[in-house]
Amino acid sequence: MVSQVEEGEGNIEKRPSNLLATLRTFRILLSQQELEDILQRVQELKSHRPEWKNSQVARWYIRYRAGQAGAAGAVAALPGAFPGLGTAAQIVIGGVTFTPEIWFLLRQMAYLHYEVAAAFERDLHSEDT
């Protein structure tokens, strides 16, 4: 189902309704101050690496956020590395850590979304970003 059609630079871009819902969720997860901080960090990276293209800046943020998500998953799975007692602890702890881990990962995705948008010089305050 397509909920929005935009025309730009001769192309028609169709955005599925689930993508728009995701964008709205990301907007809820981050404050205006966090968006400003993202813009500042992206500009700092670009000033330190002026030879990098926008796609290289975006790739750096993708790798950075993937590393953070991987580290969070490794920490969450650590008790399961010990047979028997560790596995039992993982089952018990899993119920407690599931929500914070998902919250952390959703925020990481929101940060990544806006970091990549800022790398390509999109307006982070726009409803379409």
# chains A, B, ... in the order shown; residues from 1 in each chain; ligands from 1
$ residues_around --residues "Leu106 in chain A" --least-positions-apart "3" --cutoff "10 Å" --atoms "only C-alpha atoms" --output "JSON, numbers by chain"
{"A": [25, 26, 29, 69, 100, 101, 102, 103, 109, 110, 111, 112]}
$ write_last_selection --atoms "all heavy atoms" --output "tab-separated table (two decimals), in the first residue's frame"
chain	number	residue	atom	x	y	z
A	25	THR	N	8.05	6.84	14.14
A	25	THR	CA	8.57	6.22	15.36
A	25	THR	C	9.95	6.77	15.68
A	25	THR	O	10.24	7.09	16.83
A	25	THR	CB	8.63	4.69	15.21
A	25	THR	OG1	7.33	4.20	14.92
A	25	THR	CG2	9.17	4.04	16.47
A	26	PHE	N	10.80	6.90	14.69
A	26	PHE	CA	12.14	7.44	14.91
A	26	PHE	C	12.05	8.86	15.45
A	26	PHE	O	12.82	9.26	16.31
A	26	PHE	CB	12.97	7.39	13.64
A	26	PHE	CG	13.43	6.02	13.26
A	26	PHE	CD1	13.91	5.77	11.99
A	26	PHE	CD2	13.40	4.96	14.15
A	26	PHE	CE1	14.36	4.51	11.63
A	26	PHE	CE2	13.83	3.69	13.80
A	26	PHE	CZ	14.32	3.47	12.54
A	29	LEU	N	11.44	8.81	19.14
A	29	LEU	CA	12.52	8.29	19.96
A	29	LEU	C	13.59	9.31	20.29
A	29	LEU	O	14.29	9.16	21.29
A	29	LEU	CB	13.17	7.08	19.26
A	29	LEU	CG	12.34	5.81	19.19
A	29	LEU	CD1	13.02	4.79	18.30
A	29	LEU	CD2	12.11	5.25	20.58
A	69	ALA	N	25.49	-2.16	18.15
A	69	ALA	CA	24.41	-3.14	18.24
A	69	ALA	C	24.96	-4.54	18.48
A	69	ALA	O	24.42	-5.31	19.28
A	69	ALA	CB	23.55	-3.11	16.98
A	100	PRO	N	14.80	-3.47	27.67
A	100	PRO	CA	15.88	-2.47	27.53
A	100	PRO	C	16.73	-2.69	26.29
A	100	PRO	O	17.16	-1.73	25.65
A	100	PRO	CB	16.71	-2.65	28.80
A	100	PRO	CG	15.80	-3.28	29.78
A	100	PRO	CD	14.85	-4.13	28.98
A	101	GLU	N	16.98	-3.95	25.94
A	101	GLU	CA	17.78	-4.23	24.76
A	101	GLU	C	17.06	-3.77	23.49
A	101	GLU	O	17.67	-3.14	22.61
A	101	GLU	CB	18.10	-5.72	24.68
A	101	GLU	CG	19.00	-6.07	23.51
A	101	GLU	CD	19.28	-7.56	23.41
A	101	GLU	OE1	18.74	-8.34	24.22
A	101	GLU	OE2	20.03	-7.93	22.51
A	102	ILE	N	15.79	-4.06	23.39
A	102	ILE	CA	15.01	-3.62	22.22
A	102	ILE	C	14.96	-2.09	22.18
A	102	ILE	O	15.10	-1.48	21.11
A	102	ILE	CB	13.58	-4.22	22.25
A	102	ILE	CG1	13.65	-5.73	22.09
A	102	ILE	CG2	12.69	-3.59	21.19
A	102	ILE	CD1	14.27	-6.20	20.79
A	103	TRP	N	14.75	-1.45	23.32
A	103	TRP	CA	14.73	0.01	23.38
A	103	TRP	C	16.06	0.58	22.90
A	103	TRP	O	16.10	1.52	22.11
A	103	TRP	CB	14.42	0.46	24.81
A	103	TRP	CG	14.38	1.95	24.98
A	103	TRP	CD1	15.30	2.70	25.62
A	103	TRP	CD2	13.40	2.85	24.47
A	103	TRP	NE1	14.94	4.03	25.56
A	103	TRP	CE2	13.78	4.15	24.86
A	103	TRP	CE3	12.24	2.69	23.74
A	103	TRP	CZ2	13.04	5.27	24.53
A	103	TRP	CZ3	11.51	3.82	23.41
A	103	TRP	CH2	11.91	5.08	23.81
A	109	MET	N	18.88	2.49	15.87
A	109	MET	CA	18.36	2.60	14.50
A	109	MET	C	17.93	4.02	14.19
A	109	MET	O	18.15	4.52	13.09
A	109	MET	CB	17.20	1.62	14.28
A	109	MET	CG	17.65	0.19	14.21
A	109	MET	SD	16.40	-1.05	13.74
A	109	MET	CE	14.87	-0.41	14.30
A	110	ALA	N	17.32	4.68	15.18
A	110	ALA	CA	16.89	6.06	14.97
A	110	ALA	C	18.11	6.97	14.78
A	110	ALA	O	18.13	7.81	13.87
A	110	ALA	CB	16.06	6.55	16.16
A	111	TYR	N	19.12	6.79	15.63
A	111	TYR	CA	20.35	7.57	15.46
A	111	TYR	C	20.94	7.34	14.07
A	111	TYR	O	21.33	8.28	13.38
A	111	TYR	CB	21.39	7.20	16.52
A	111	TYR	CG	21.25	7.97	17.80
A	111	TYR	CD1	20.84	7.34	18.97
A	111	TYR	CD2	21.55	9.33	17.87
A	111	TYR	CE1	20.72	8.03	20.16
A	111	TYR	CE2	21.43	10.03	19.05
A	111	TYR	CZ	21.03	9.39	20.19
A	111	TYR	OH	20.90	10.08	21.37
A	112	LEU	N	21.03	6.07	13.66
A	112	LEU	CA	21.61	5.75	12.36
A	112	LEU	C	20.81	6.40	11.23
A	112	LEU	O	21.38	6.97	10.30
A	112	LEU	CB	21.67	4.24	12.16
A	112	LEU	CG	22.19	3.78	10.80
A	112	LEU	CD1	23.61	4.27	10.56
A	112	LEU	CD2	22.13	2.26	10.71
$ closest_residue --among "A:Leu45, A:Ala71, A:Ala89, A:Ala81" --to "Ala58 in chain A" --atoms "only C-alpha atoms"
A:Leu45
$ closest_atom_pairs --of "range 47-119 of chain A" --to "range 33-40 of chain A" --cutoff "10 Å" --atoms "only C-alpha atoms" --output "CSV"
residue,atom,partner,partner_atom,distance
A:Tyr111,CA,A:Ile38,CA,7.6
A:Leu112,CA,A:Ile38,CA,9.5
A:Tyr114,CA,A:Ile38,CA,7.2
A:Glu115,CA,A:Ile38,CA,6.2
A:Val116,CA,A:Ile38,CA,9.8
A:Ala117,CA,A:Leu39,CA,9.4
A:Ala118,CA,A:Leu39,CA,6.1
A:Ala119,CA,A:Leu39,CA,8.5
$ residues_around --residues "Ala72 in chain A" --least-positions-apart "6" --cutoff "10 Å" --atoms "only C-alpha atoms" --output "MDAnalysis selection string"
chainID A and resid 66 78 101 104:105
$ write_last_selection --atoms "C-alpha atoms" --output "mmCIF file, in the first residue's frame"
data_model
loop_
_atom_site.group_PDB
_atom_site.id
_atom_site.type_symbol
_atom_site.label_atom_id
_atom_site.label_comp_id
_atom_site.auth_asym_id
_atom_site.auth_seq_id
_atom_site.Cartn_x
_atom_site.Cartn_y
_atom_site.Cartn_z
ATOM 1 C CA ALA A 66 26.451 -1.912 13.725
ATOM 2 C CA LEU A 78 27.049 -13.534 27.632
ATOM 3 C CA GLU A 101 17.785 -4.229 24.758
ATOM 4 C CA PHE A 104 18.500 0.439 22.955
ATOM 5 C CA LEU A 105 18.427 -1.100 19.470
#
$ atom_distance --atom1 "CA of Ala88 in chain A" --atom2 "CA of Ala74 in chain A"
17.0 Å
$ closest_residue --among "A:Val42, A:Ile91, A:Leu85, A:Val75" --to "Glu121 in chain A" --atoms "only C-alpha atoms"
A:Val42
$ atom_distance --atom1 "CA of Arg65 in chain A" --atom2 "CA of Arg41 in chain A"
13.8 Å
